[in-house]
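*Asks:* Pasting input.pdb here (PDB, C-alpha atoms and all ligand atoms):
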```pdb
ATOM      1  CA  MET W   1     -16.249  60.772 -13.661
ATOM      2  CA  SER W   2     -16.546  63.216 -10.785
ATOM      3  CA  GLU W   3     -17.894  62.148  -7.386
ATOM      4  CA  ALA W   4     -21.284  63.663  -8.141
ATOM      5  CA  GLU W   5     -21.415  61.920 -11.519
ATOM      6  CA  ILE W   6     -20.553  58.574  -9.991
ATOM      7  CA  ILE W   7     -23.337  58.969  -7.443
ATOM      8  CA  ASP W   8     -25.864  60.095 -10.063
ATOM      9  CA  LYS W   9     -25.042  57.183 -12.331
ATOM     10  CA  LEU W  10     -25.063  54.752  -9.418
ATOM     11  CA  ARG W  11     -28.579  55.879  -8.596
ATOM     12  CA  GLU W  12     -29.531  54.906 -12.142
ATOM     13  CA  GLY W  13     -27.959  51.501 -11.509
ATOM     14  CA  SER W  14     -25.032  52.025 -13.896
ATOM     15  CA  GLU W  15     -22.521  49.201 -13.767
ATOM     16  CA  LYS W  16     -19.831  51.386 -15.273
ATOM     17  CA  ALA W  17     -20.163  53.842 -12.418
ATOM     18  CA  PHE W  18     -20.037  51.005  -9.916
ATOM     19  CA  ARG W  19     -16.877  49.655 -11.492
ATOM     20  CA  GLU W  20     -15.306  53.089 -11.354
ATOM     21  CA  LEU W  21     -16.281  53.474  -7.718
ATOM     22  CA  VAL W  22     -14.699  50.135  -6.860
ATOM     23  CA  ASP W  23     -11.559  50.878  -8.860
ATOM     24  CA  GLN W  24     -11.131  54.235  -7.174
ATOM     25  CA  TYR W  25     -11.903  53.196  -3.624
ATOM     26  CA  GLN W  26     -11.003  49.514  -3.392
ATOM     27  CA  GLN W  27      -7.708  50.147  -1.654
ATOM     28  CA  LEU W  28      -9.191  52.673   0.738
ATOM     29  CA  VAL W  29     -11.898  50.252   1.834
ATOM     30  CA  VAL W  30      -9.707  47.138   2.004
ATOM     31  CA  ASN W  31      -7.032  49.047   3.920
ATOM     32  CA  THR W  32      -9.494  50.354   6.453
ATOM     33  CA  CYS W  33     -10.933  46.894   7.023
ATOM     34  CA  PHE W  34      -7.442  45.431   7.223
ATOM     35  CA  GLY W  35      -6.455  47.937   9.890
ATOM     36  CA  LEU W  36      -9.233  46.632  12.101
ATOM     37  CA  LEU W  37      -9.221  42.955  11.096
ATOM     38  CA  HIS W  38      -5.463  42.351  10.497
ATOM     39  CA  ASN W  39      -6.206  39.706   7.890
ATOM     40  CA  THR W  40      -6.216  40.271   4.135
ATOM     41  CA  GLU W  41      -8.806  37.643   3.293
ATOM     42  CA  ASP W  42     -11.294  38.856   5.898
ATOM     43  CA  ALA W  43     -10.588  42.456   4.933
ATOM     44  CA  GLU W  44     -11.424  41.728   1.288
ATOM     45  CA  ASP W  45     -14.587  39.845   2.190
ATOM     46  CA  VAL W  46     -15.829  42.666   4.384
ATOM     47  CA  ALA W  47     -14.770  45.241   1.778
ATOM     48  CA  GLN W  48     -16.991  43.473  -0.728
ATOM     49  CA  ASP W  49     -19.901  43.687   1.684
ATOM     50  CA  VAL W  50     -19.165  47.403   1.949
ATOM     51  CA  PHE W  51     -19.466  47.905  -1.809
ATOM     52  CA  ILE W  52     -22.606  45.804  -1.992
ATOM     53  CA  GLU W  53     -24.146  47.946   0.730
ATOM     54  CA  VAL W  54     -23.088  51.095  -1.094
ATOM     55  CA  PHE W  55     -24.663  49.876  -4.316
ATOM     56  CA  ARG W  56     -27.921  49.056  -2.576
ATOM     57  CA  SER W  57     -28.201  52.132  -0.416
ATOM     58  CA  VAL W  58     -26.870  54.846  -2.703
ATOM     59  CA  ASP W  59     -30.191  56.658  -2.292
ATOM     60  CA  LYS W  60     -29.339  57.297   1.333
ATOM     61  CA  PHE W  61     -26.123  59.066   0.407
ATOM     62  CA  ARG W  62     -26.197  62.787   1.210
ATOM     63  CA  ALA W  63     -25.100  64.809  -1.786
ATOM     64  CA  ASP W  64     -23.063  67.244   0.311
ATOM     65  CA  ALA W  65     -20.888  64.534   1.866
ATOM     66  CA  LYS W  66     -17.688  63.045   0.461
ATOM     67  CA  ILE W  67     -17.847  59.512  -0.931
ATOM     68  CA  SER W  68     -14.739  58.576   1.019
ATOM     69  CA  THR W  69     -16.275  59.646   4.347
ATOM     70  CA  TRP W  70     -19.290  57.506   3.615
ATOM     71  CA  LEU W  71     -17.132  54.530   2.603
ATOM     72  CA  TYR W  72     -14.930  54.848   5.677
ATOM     73  CA  ARG W  73     -18.000  54.854   7.892
ATOM     74  CA  ILE W  74     -19.514  51.751   6.328
ATOM     75  CA  ALA W  75     -16.134  49.983   6.292
ATOM     76  CA  VAL W  76     -15.625  50.694   9.995
ATOM     77  CA  ASN W  77     -19.124  49.569  10.959
ATOM     78  CA  ARG W  78     -18.927  46.411   8.901
ATOM     79  CA  SER W  79     -15.502  45.526  10.287
ATOM     80  CA  LEU W  80     -16.630  46.054  13.873
ATOM     81  CA  ASN W  81     -19.667  43.863  13.233
ATOM     82  CA  PHE W  82     -17.427  41.208  11.746
ATOM     83  CA  ILE W  83     -15.244  41.285  14.878
ATOM     84  CA  ARG W  84     -18.303  41.001  17.132
ATOM     85  CA  ASP W  85     -19.631  38.011  15.187
ATOM     86  CA  ASN W  86     -16.202  36.410  15.265
ATOM     87  CA  LYS W  87     -15.931  36.876  19.018
ATOM     88  CA  ARG W  88     -19.240  35.120  19.482
ATOM     89  CA  ARG W  89     -17.969  32.247  17.365
ATOM     90  CA  LYS W  90     -14.641  32.118  19.180
ATOM     91  CA  TRP W  91     -16.449  31.829  22.482
ATOM     92  CA  PHE W  92     -17.421  28.325  21.460
ATOM     93  CA  GLN W  93     -13.943  27.432  20.263
ATOM     94  CA  SER W  94     -11.597  25.541  22.516
ATOM     95  CA  PHE W  95      -8.387  27.071  23.717
ATOM     96  CA  ASP W  96      -6.365  24.672  21.573
ATOM     97  CA  ASP W  97      -8.136  25.913  18.474
ATOM     98  CA  LEU W  98      -7.241  29.454  19.396
ATOM     99  CA  VAL W  99      -3.599  28.555  19.880
ATOM    100  CA  GLU W 100      -3.629  26.783  16.517
ATOM    101  CA  ALA W 101      -5.246  29.791  14.880
ATOM    102  CA  LYS W 102      -2.585  32.043  16.369
ATOM    103  CA  LYS W 103       0.205  29.838  15.068
ATOM    104  CA  LYS W 104      -1.450  29.746  11.690
ATOM    105  CA  SER W 105      -1.777  33.492  11.450
ATOM    106  CA  LEU W 106       1.865  33.869  12.406
ATOM    107  CA  GLY W 107       2.806  31.396   9.693
ATOM    108  CA  GLU W 108       0.677  33.270   7.185
ATOM    109  CA  LEU W 109       2.275  36.544   8.140
ATOM    110  CA  VAL W 110       5.697  35.113   7.458
ATOM    111  CA  SER W 111       4.893  33.114   4.338
ATOM    112  CA  GLY W 112       2.500  35.705   2.935
ATOM    113  CA  ASN W 113       5.252  38.274   2.863
ATOM    114  CA  THR W 114       7.952  36.340   1.073
ATOM    115  CA  GLU W 115       8.327  39.108  -1.473
ATOM    116  CA  ASN W 116       8.821  41.551   1.357
ATOM    117  CA  PRO W 117      12.234  40.844   2.895
ATOM    118  CA  GLU W 118      11.497  43.257   5.726
ATOM    119  CA  PHE W 119       8.827  40.915   6.983
ATOM    120  CA  ASP W 120      10.882  38.334   8.805
ATOM    121  CA  LEU W 121       9.931  36.310  11.842
ATOM    122  CA  GLU W 122      10.737  39.110  14.238
ATOM    123  CA  ASN W 123       8.527  41.561  12.415
ATOM    124  CA  SER W 124       5.767  38.985  12.309
ATOM    125  CA  GLN W 125       5.945  38.626  16.057
ATOM    126  CA  ARG W 126       5.936  42.369  16.458
ATOM    127  CA  SER W 127       2.995  42.557  14.135
ATOM    128  CA  LEU W 128       1.025  40.059  16.236
ATOM    129  CA  LEU W 129       1.912  41.940  19.397
ATOM    130  CA  LEU W 130       0.815  45.220  17.866
ATOM    131  CA  HIS W 131      -2.449  43.741  16.605
ATOM    132  CA  GLU W 132      -3.162  42.355  20.044
ATOM    133  CA  ALA W 133      -2.448  45.693  21.633
ATOM    134  CA  ILE W 134      -4.666  47.504  19.120
ATOM    135  CA  ASP W 135      -7.454  44.956  19.544
ATOM    136  CA  ALA W 136      -7.378  45.458  23.292
ATOM    137  CA  LEU W 137      -8.178  49.165  22.875
ATOM    138  CA  PRO W 138     -11.718  50.356  23.506
ATOM    139  CA  GLU W 139     -13.620  50.450  20.205
ATOM    140  CA  ASN W 140     -13.621  54.233  19.738
ATOM    141  CA  GLN W 141      -9.901  54.512  20.384
ATOM    142  CA  ARG W 142      -9.226  51.610  18.070
ATOM    143  CA  VAL W 143     -11.189  53.138  15.207
ATOM    144  CA  ALA W 144      -9.634  56.587  15.583
ATOM    145  CA  PHE W 145      -6.119  55.165  15.866
ATOM    146  CA  THR W 146      -6.580  52.823  12.910
ATOM    147  CA  LEU W 147      -7.934  55.520  10.601
ATOM    148  CA  ASN W 148      -5.074  57.760  11.605
ATOM    149  CA  LYS W 149      -2.372  55.121  11.184
ATOM    150  CA  TYR W 150      -3.515  52.893   8.341
ATOM    151  CA  GLU W 151      -5.203  55.569   6.269
ATOM    152  CA  ASP W 152      -3.218  58.599   7.384
ATOM    153  CA  LEU W 153      -6.452  60.470   7.952
ATOM    154  CA  ALA W 154      -6.255  63.891   9.572
ATOM    155  CA  TYR W 155      -8.138  64.392  12.822
ATOM    156  CA  LYS W 156     -10.742  66.481  11.035
ATOM    157  CA  GLU W 157     -11.535  63.693   8.570
ATOM    158  CA  ILE W 158     -11.676  61.126  11.355
ATOM    159  CA  ALA W 159     -14.068  63.423  13.200
ATOM    160  CA  GLU W 160     -16.360  63.446  10.147
ATOM    161  CA  VAL W 161     -16.250  59.673   9.759
ATOM    162  CA  MET W 162     -16.922  59.056  13.440
ATOM    163  CA  LYS W 163     -19.368  61.968  13.817
ATOM    164  CA  LEU W 164     -17.358  63.420  16.689
ATOM    165  CA  SER W 165     -15.642  66.721  17.398
ATOM    166  CA  VAL W 166     -12.003  67.144  16.428
ATOM    167  CA  SER W 167     -11.010  67.510  20.075
ATOM    168  CA  SER W 168     -12.725  64.205  20.931
ATOM    169  CA  VAL W 169     -10.747  62.483  18.192
ATOM    170  CA  GLU W 170      -7.562  64.085  19.483
ATOM    171  CA  SER W 171      -8.265  62.768  22.937
ATOM    172  CA  LEU W 172      -9.176  59.308  21.635
ATOM    173  CA  ILE W 173      -5.893  58.993  19.748
ATOM    174  CA  HIS W 174      -3.942  60.338  22.708
ATOM    175  CA  ARG W 175      -5.482  57.719  24.993
ATOM    176  CA  ALA W 176      -4.987  55.006  22.383
ATOM    177  CA  LYS W 177      -1.275  55.754  22.202
ATOM    178  CA  LYS W 178      -1.008  55.821  25.999
ATOM    179  CA  ASN W 179      -2.662  52.408  26.209
ATOM    180  CA  LEU W 180      -0.479  50.973  23.456
ATOM    181  CA  GLN W 181       2.606  52.284  25.202
ATOM    182  CA  LYS W 182       1.572  50.532  28.415
ATOM    183  CA  LYS W 183       1.149  47.220  26.588
ATOM    184  CA  LEU W 184       4.409  47.569  24.711
ATOM    185  CA  TYR W 185       6.292  48.444  27.878
ATOM    186  CA  TYR W 186       4.843  45.442  29.664
ATOM    187  CA  CYS W 187       5.904  43.229  26.796
ATOM    188  CA  TYR W 188       9.349  44.815  26.640
ATOM    189  CA  LYS W 189       9.865  44.149  30.351
ATOM    190  CA  LYS W 190       8.716  40.530  29.998
ATOM    191  CA  LYS W 191      10.895  40.130  26.912
ATOM    192  CA  CYS W 192       8.031  38.632  24.972
ATOM    193  CA  ILE W 193       9.837  39.168  21.677
TER     194      ILE W 193
ATOM    195  CA  MET N   1      13.753  63.972  33.430
ATOM    196  CA  LYS N   2      13.349  60.639  35.231
ATOM    197  CA  CYS N   3      13.051  57.243  33.507
ATOM    198  CA  LYS N   4       9.444  56.817  34.602
ATOM    199  CA  LYS N   5       8.424  60.121  33.094
ATOM    200  CA  VAL N   6      10.286  59.276  29.884
ATOM    201  CA  HIS N   7       8.440  55.962  29.608
ATOM    202  CA  LYS N   8       5.160  57.850  29.716
ATOM    203  CA  LYS N   9       6.176  60.205  26.942
ATOM    204  CA  LEU N  10       8.135  57.889  24.714
ATOM    205  CA  ILE N  11       5.403  57.014  22.242
ATOM    206  CA  PHE N  12       4.530  60.679  21.801
ATOM    207  CA  TYR N  13       8.203  61.471  21.369
ATOM    208  CA  LEU N  14       8.595  58.792  18.684
ATOM    209  CA  GLU N  15       5.423  59.953  16.947
ATOM    210  CA  GLY N  16       6.625  63.526  16.906
ATOM    211  CA  ASP N  17       3.698  64.697  19.025
ATOM    212  CA  LEU N  18       5.706  66.430  21.747
ATOM    213  CA  PRO N  19       6.352  70.163  21.900
ATOM    214  CA  GLU N  20       9.924  71.058  21.067
ATOM    215  CA  LYS N  21      11.035  71.671  24.651
ATOM    216  CA  GLU N  22       9.758  68.324  25.948
ATOM    217  CA  ALA N  23      11.110  66.467  22.952
ATOM    218  CA  GLY N  24      14.517  67.978  23.708
ATOM    219  CA  GLU N  25      14.304  66.781  27.295
ATOM    220  CA  VAL N  26      13.428  63.230  26.243
ATOM    221  CA  ALA N  27      16.234  63.212  23.689
ATOM    222  CA  ALA N  28      18.698  64.397  26.326
ATOM    223  CA  HIS N  29      17.610  61.618  28.668
ATOM    224  CA  LEU N  30      17.849  58.968  25.963
ATOM    225  CA  ALA N  31      21.372  60.084  25.145
ATOM    226  CA  GLN N  32      22.538  59.043  28.599
ATOM    227  CA  CYS N  33      20.146  56.225  29.607
ATOM    228  CA  VAL N  34      20.745  52.767  28.141
ATOM    229  CA  ASP N  35      17.562  51.237  29.474
ATOM    230  CA  CYS N  36      15.224  53.899  28.105
ATOM    231  CA  THR N  37      17.043  53.817  24.771
ATOM    232  CA  ALA N  38      16.555  50.055  24.553
ATOM    233  CA  PHE N  39      12.835  50.437  25.203
ATOM    234  CA  ALA N  40      12.632  53.294  22.703
ATOM    235  CA  ASN N  41      14.268  51.166  20.017
ATOM    236  CA  ASP N  42      11.998  48.249  20.786
ATOM    237  CA  MET N  43       8.876  50.394  20.541
ATOM    238  CA  LYS N  44      10.125  52.079  17.387
ATOM    239  CA  ARG N  45      10.503  48.695  15.709
ATOM    240  CA  THR N  46       7.075  47.498  16.808
ATOM    241  CA  LEU N  47       5.366  50.686  15.648
ATOM    242  CA  GLY N  48       7.381  50.492  12.444
ATOM    243  CA  VAL N  49       5.492  47.335  11.527
ATOM    244  CA  LEU N  50       2.454  49.524  10.896
ATOM    245  CA  GLN N  51       4.252  51.201   8.038
ATOM    246  CA  ILE N  52       5.351  47.901   6.528
ATOM    247  CA  GLU N  53       1.969  46.238   6.602
ATOM    248  CA  LYS N  54      -0.294  49.082   5.605
ATOM    249  CA  SER N  55      -1.474  49.321   2.023
ATOM    250  CA  PRO N  56      -1.616  45.610   1.291
ATOM    251  CA  GLU N  57      -1.432  44.761  -2.385
ATOM    252  CA  VAL N  58      -4.489  45.420  -4.489
ATOM    253  CA  ASN N  59      -6.179  42.169  -5.430
ATOM    254  CA  PRO N  60      -6.765  42.227  -9.225
ATOM    255  CA  TYR N  61      -9.692  39.796  -8.910
ATOM    256  CA  PHE N  62     -11.506  41.914  -6.371
ATOM    257  CA  TYR N  63     -14.072  43.341  -8.787
ATOM    258  CA  THR N  64     -14.706  40.038 -10.555
ATOM    259  CA  ARG N  65     -15.323  38.312  -7.256
ATOM    260  CA  LEU N  66     -17.516  41.137  -6.071
ATOM    261  CA  LYS N  67     -19.653  40.970  -9.218
ATOM    262  CA  ALA N  68     -19.952  37.213  -8.964
ATOM    263  CA  ARG N  69     -21.041  37.526  -5.378
ATOM    264  CA  MET N  70     -23.649  40.127  -6.206
ATOM    265  CA  GLU N  71     -25.029  38.072  -9.043
ATOM    266  CA  ASN N  72     -25.531  34.812  -7.197
ATOM    267  CA  ARG N  73     -25.731  36.020  -3.658
ATOM    268  CA  GLU N  74     -29.045  34.357  -2.889
ATOM    269  CA  THR N  75     -28.495  31.191  -4.880
ATOM    270  CA  ALA N  76     -24.953  29.986  -4.265
ATOM    271  CA  PRO N  77     -22.695  29.905  -1.227
ATOM    272  CA  LYS N  78     -19.223  31.440  -1.328
ATOM    273  CA  GLN N  79     -16.877  29.594  -3.644
ATOM    274  CA  ILE N  80     -13.578  28.280  -2.505
ATOM    275  CA  ILE N  81     -11.114  29.929  -4.791
ATOM    276  CA  GLY N  82      -8.083  28.172  -6.186
ATOM    277  CA  TYR N  83      -9.475  24.656  -5.926
ATOM    278  CA  PRO N  84     -10.312  23.276  -9.360
ATOM    279  CA  VAL N  85     -13.836  21.964  -9.721
ATOM    280  CA  TRP N  86     -12.738  18.822 -11.599
ATOM    281  CA  LYS N  87     -10.701  17.779  -8.586
ATOM    282  CA  LYS N  88     -13.716  18.031  -6.340
ATOM    283  CA  VAL N  89     -15.847  15.940  -8.645
ATOM    284  CA  LEU N  90     -13.379  13.495 -10.117
ATOM    285  CA  GLN N  91     -11.313  12.706  -7.075
ATOM    286  CA  PRO N  92     -14.117  11.192  -4.966
ATOM    287  CA  ALA N  93     -15.548   9.485  -8.046
ATOM    288  CA  LEU N  94     -12.188   7.907  -8.847
ATOM    289  CA  PHE N  95     -11.722   6.817  -5.248
ATOM    290  CA  SER N  96     -15.109   5.190  -5.079
ATOM    291  CA  VAL N  97     -14.523   3.323  -8.371
ATOM    292  CA  LEU N  98     -11.179   2.059  -7.068
ATOM    293  CA  LEU N  99     -12.739   1.067  -3.793
ATOM    294  CA  LEU N 100     -15.579  -0.850  -5.415
ATOM    295  CA  ALA N 101     -13.114  -2.583  -7.757
ATOM    296  CA  GLY N 102     -11.074  -3.527  -4.726
ATOM    297  CA  VAL N 103     -14.091  -4.945  -2.933
ATOM    298  CA  TYR N 104     -15.129  -6.864  -6.026
ATOM    299  CA  THR N 105     -11.702  -8.457  -6.593
ATOM    300  CA  GLY N 106     -11.506  -9.122  -2.885
ATOM    301  CA  PHE N 107     -14.675 -11.187  -2.975
ATOM    302  CA  LYS N 108     -13.596 -12.858  -6.220
ATOM    303  CA  ILE N 109     -10.269 -13.929  -4.831
ATOM    304  CA  GLY N 110     -11.876 -14.990  -1.564
ATOM    305  CA  GLY N 111     -14.501 -17.043  -3.378
ATOM    306  CA  MET N 112     -12.017 -18.842  -5.631
ATOM    307  CA  ALA N 113     -10.809 -21.295  -3.032
ATOM    308  CA  ASN N 114     -12.136 -22.384   0.331
ATOM    309  CA  ALA N 115      -8.617 -22.603   1.638
ATOM    310  CA  GLU N 116      -8.387 -18.847   1.241
ATOM    311  CA  GLN N 117     -11.368 -18.242   3.478
ATOM    312  CA  SER N 118      -9.305 -16.666   6.190
ATOM    313  CA  ALA N 119      -7.871 -14.270   3.638
ATOM    314  CA  GLN N 120     -11.372 -13.367   2.567
ATOM    315  CA  ALA N 121     -12.432 -12.644   6.116
ATOM    316  CA  TYR N 122      -9.368 -10.495   6.494
ATOM    317  CA  ALA N 123     -10.126  -8.579   3.337
ATOM    318  CA  GLU N 124     -13.687  -8.038   4.464
ATOM    319  CA  THR N 125     -12.851  -6.641   7.861
ATOM    320  CA  GLU N 126     -10.296  -4.386   6.261
ATOM    321  CA  LEU N 127     -12.737  -3.035   3.760
ATOM    322  CA  VAL N 128     -15.897  -2.710   5.773
ATOM    323  CA  PRO N 129     -14.872   0.327   7.775
ATOM    324  CA  PHE N 130     -13.998   2.176   4.581
ATOM    325  CA  LEU N 131     -17.312   1.230   3.069
ATOM    326  CA  ASN N 132     -19.124   2.491   6.114
ATOM    327  CA  GLU N 133     -17.257   5.741   5.913
ATOM    328  CA  MET N 134     -18.371   6.188   2.341
ATOM    329  CA  GLU N 135     -21.926   5.477   3.353
ATOM    330  CA  SER N 136     -21.957   7.987   6.149
ATOM    331  CA  GLU N 137     -20.615  10.631   3.802
ATOM    332  CA  PRO N 138     -22.335  10.154   0.447
ATOM    333  CA  ILE N 139     -20.740  11.344  -2.744
ATOM    334  CA  GLU N 140     -23.305  14.100  -3.047
ATOM    335  CA  THR N 141     -21.722  15.938  -0.160
ATOM    336  CA  PHE N 142     -18.424  15.994  -2.011
ATOM    337  CA  LEU N 143     -20.143  17.309  -5.076
ATOM    338  CA  MET N 144     -22.036  19.974  -3.216
ATOM    339  CA  GLU N 145     -19.022  21.303  -1.360
TER     340      GLU N 145
HETATM  341 ZN    ZN W 201      15.915  56.197  31.523
END
```
Take the structure I supplied and represent it as structure tokens, if you would.
Ligand SMILES: [Zn+2]

*Replies:*
Amino acid sequence: MSEAEIIDKLREGSEKAFRELVDQYQQLVVNTCFGLLHNTEDAEDVAQDVFIEVFRSVDKFRADAKISTWLYRIAVNRSLNFIRDNKRRKWFQSFDDLVEAKKKSLGELVSGNTENPEFDLENSQRSLLLHEAIDALPENQRVAFTLNKYEDLAYKEIAEVMKLSVSSVESLIHRAKKNLQKKLYYCYKKKCI
Amino acid sequence: MKCKKVHKKLIFYLEGDLPEKEAGEVAAHLAQCVDCTAFANDMKRTLGVLQIEKSPEVNPYFYTRLKARMENRETAPKQIIGYPVWKKVLQPALFSVLLLAGVYTGFKIGGMANAEQSAQAYAETELVPFLNEMESEPIETFLME
């Protein structure tokens, strides 16, 4: 099925078209969510919400747009909402809980990658550090950087997803890298790994 | 090029974003500066994690779970995957049967002889807290989980 066919059939409520959409774009959506959420389970949950939204709002889809652009946009918005909700919840959590959660996510990173020998303890620590640095970025920078790094999107595609000019995206990614570098240098100096 | 300037350009150097001339200058500095090289290696390894962790494996149950969620979205809460239903139902049921049997034999033994009254009292105090716990958390909550 072509993109246009998938959309047409989706509008008729075809399950086959929906299945094809999910098969084709599952990884794209999960990956995008993962880039922002850094957790496979959360990423899959949010990705499912994305597909449910797509199924229910296919009428709003503009025929001249690409499906992927649309999916990226919904995936980004849903992930950011998820982070905002989570922050609100964390506000009520005690510090000890947060420390426990951190330890747990480190453990999951190590144990969840047993089939990947590259993912040893050191890489897990680096991964946590990187996630923290990415999470500390202003939202726009974070989104642009994540789409560029986790999805290898070109600046032009990111510009379409974010509804910005290409030069704005360029500047966002430039600033994101500068900020990451600052964090990583600080950590390097303090020998945090 | 000074160390400080190199630090500011390092990430762009590693990402291949620098124009050729500047990249050459950074490379020349790195070739003779141990400290900057150490930082460059450290950053390279941290950024390298991105490549390792991107494209997580595709979950083969994704579509099935998605369909299930769409079908009973309004009626049922999210299911905990990987925990067999029989365990949830049978385990608490089995525990409560064992507990009640324990209480029953406890009273039986205690009632058999007056001399064993102290033992009975002991058994009772031991068991009561457990009973109370069961009361405060009725079996239905286990079943509904
Ligand atoms: Zn130097």

*Asks:* Would you name the residues within 12 Å of ligand ZN 201 (chain W), counting only C-alpha atoms and all ligand atoms, and put them as a list in words?

*Replies:*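 My answer, listing the contacting residues, is Met1, Lys2, Cys3, Lys4, Lys5, Val6, His7, Lys8, Lys9, Leu10, Glu25, Val26, Ala27, Ala28, His29, Leu30, Ala31, Gln32, Cys33, Val34, Asp35, Cys36, Thr37, Ala38, Phe39 and Ala40 of chain N.
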
*Asks:* Carefully work through the PyMOL selection byres ((chain N) within 7 of (chain W and not hetatm)) for this structure and note down the residues it includes, as a CSV table (one decimal) with C-alpha atoms, keeping the file's coordinate frame.

*Replies:*
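Dumped to out26.csv:
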```csv
chain,number,residue,atom,x,y,z
N,11,ILE,CA,5.4,57.0,22.2
N,39,PHE,CA,12.8,50.4,25.2
N,43,MET,CA,8.9,50.4,20.5
N,46,THR,CA,7.1,47.5,16.8
N,49,VAL,CA,5.5,47.3,11.5
N,54,LYS,CA,-0.3,49.1,5.6
N,55,SER,CA,-1.5,49.3,2.0
N,56,PRO,CA,-1.6,45.6,1.3
N,58,VAL,CA,-4.5,45.4,-4.5
N,66,LEU,CA,-17.5,41.1,-6.1
```

*Asks:* Go ahead and compute the interatomic distance for atom CA of W:Ser168 and atom CA of W:Arg84, in Å to one decimal.

*Replies:*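 These two atoms are separated by 24.2 Å.
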
*Asks:* Please measure the separation of atom CA of W:Asn77 and atom CA of W:Ala154, giving the value in Å to one decimal.

*Replies:*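 Atom CA of W:Ala154 lies at a distance of 19.3 Å from atom CA of W:Asn77.
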
*Asks:* Applied to this file, what does the PyMOL selection byres (((chain W and resi 78) around 10) and not hetatm) return in terms of residues, put as a ChimeraX atom specification?

*Replies:* /W:33,46-47,49-50,53,72-77,79-84

*Asks:* For atom CA of N:Gln51 and atom CA of W:Ser167, quote the distance in Å rounded to one decimal.

*Replies:*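 It comes out at 25.4 Å.
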
*Asks:* Find the smallest box with edges along x, y and z containing every listed atom of stretch 3-12 of chain N, then add 5 Å on each side and report centre and edge lengths in Å to one decimal, as AutoDock Vina command-line options.

*Replies:*
```
--center_x 8.8 --center_y 58.3 --center_z 28.2 --size_x 18.5 --size_y 14.7 --size_z 22.8
```
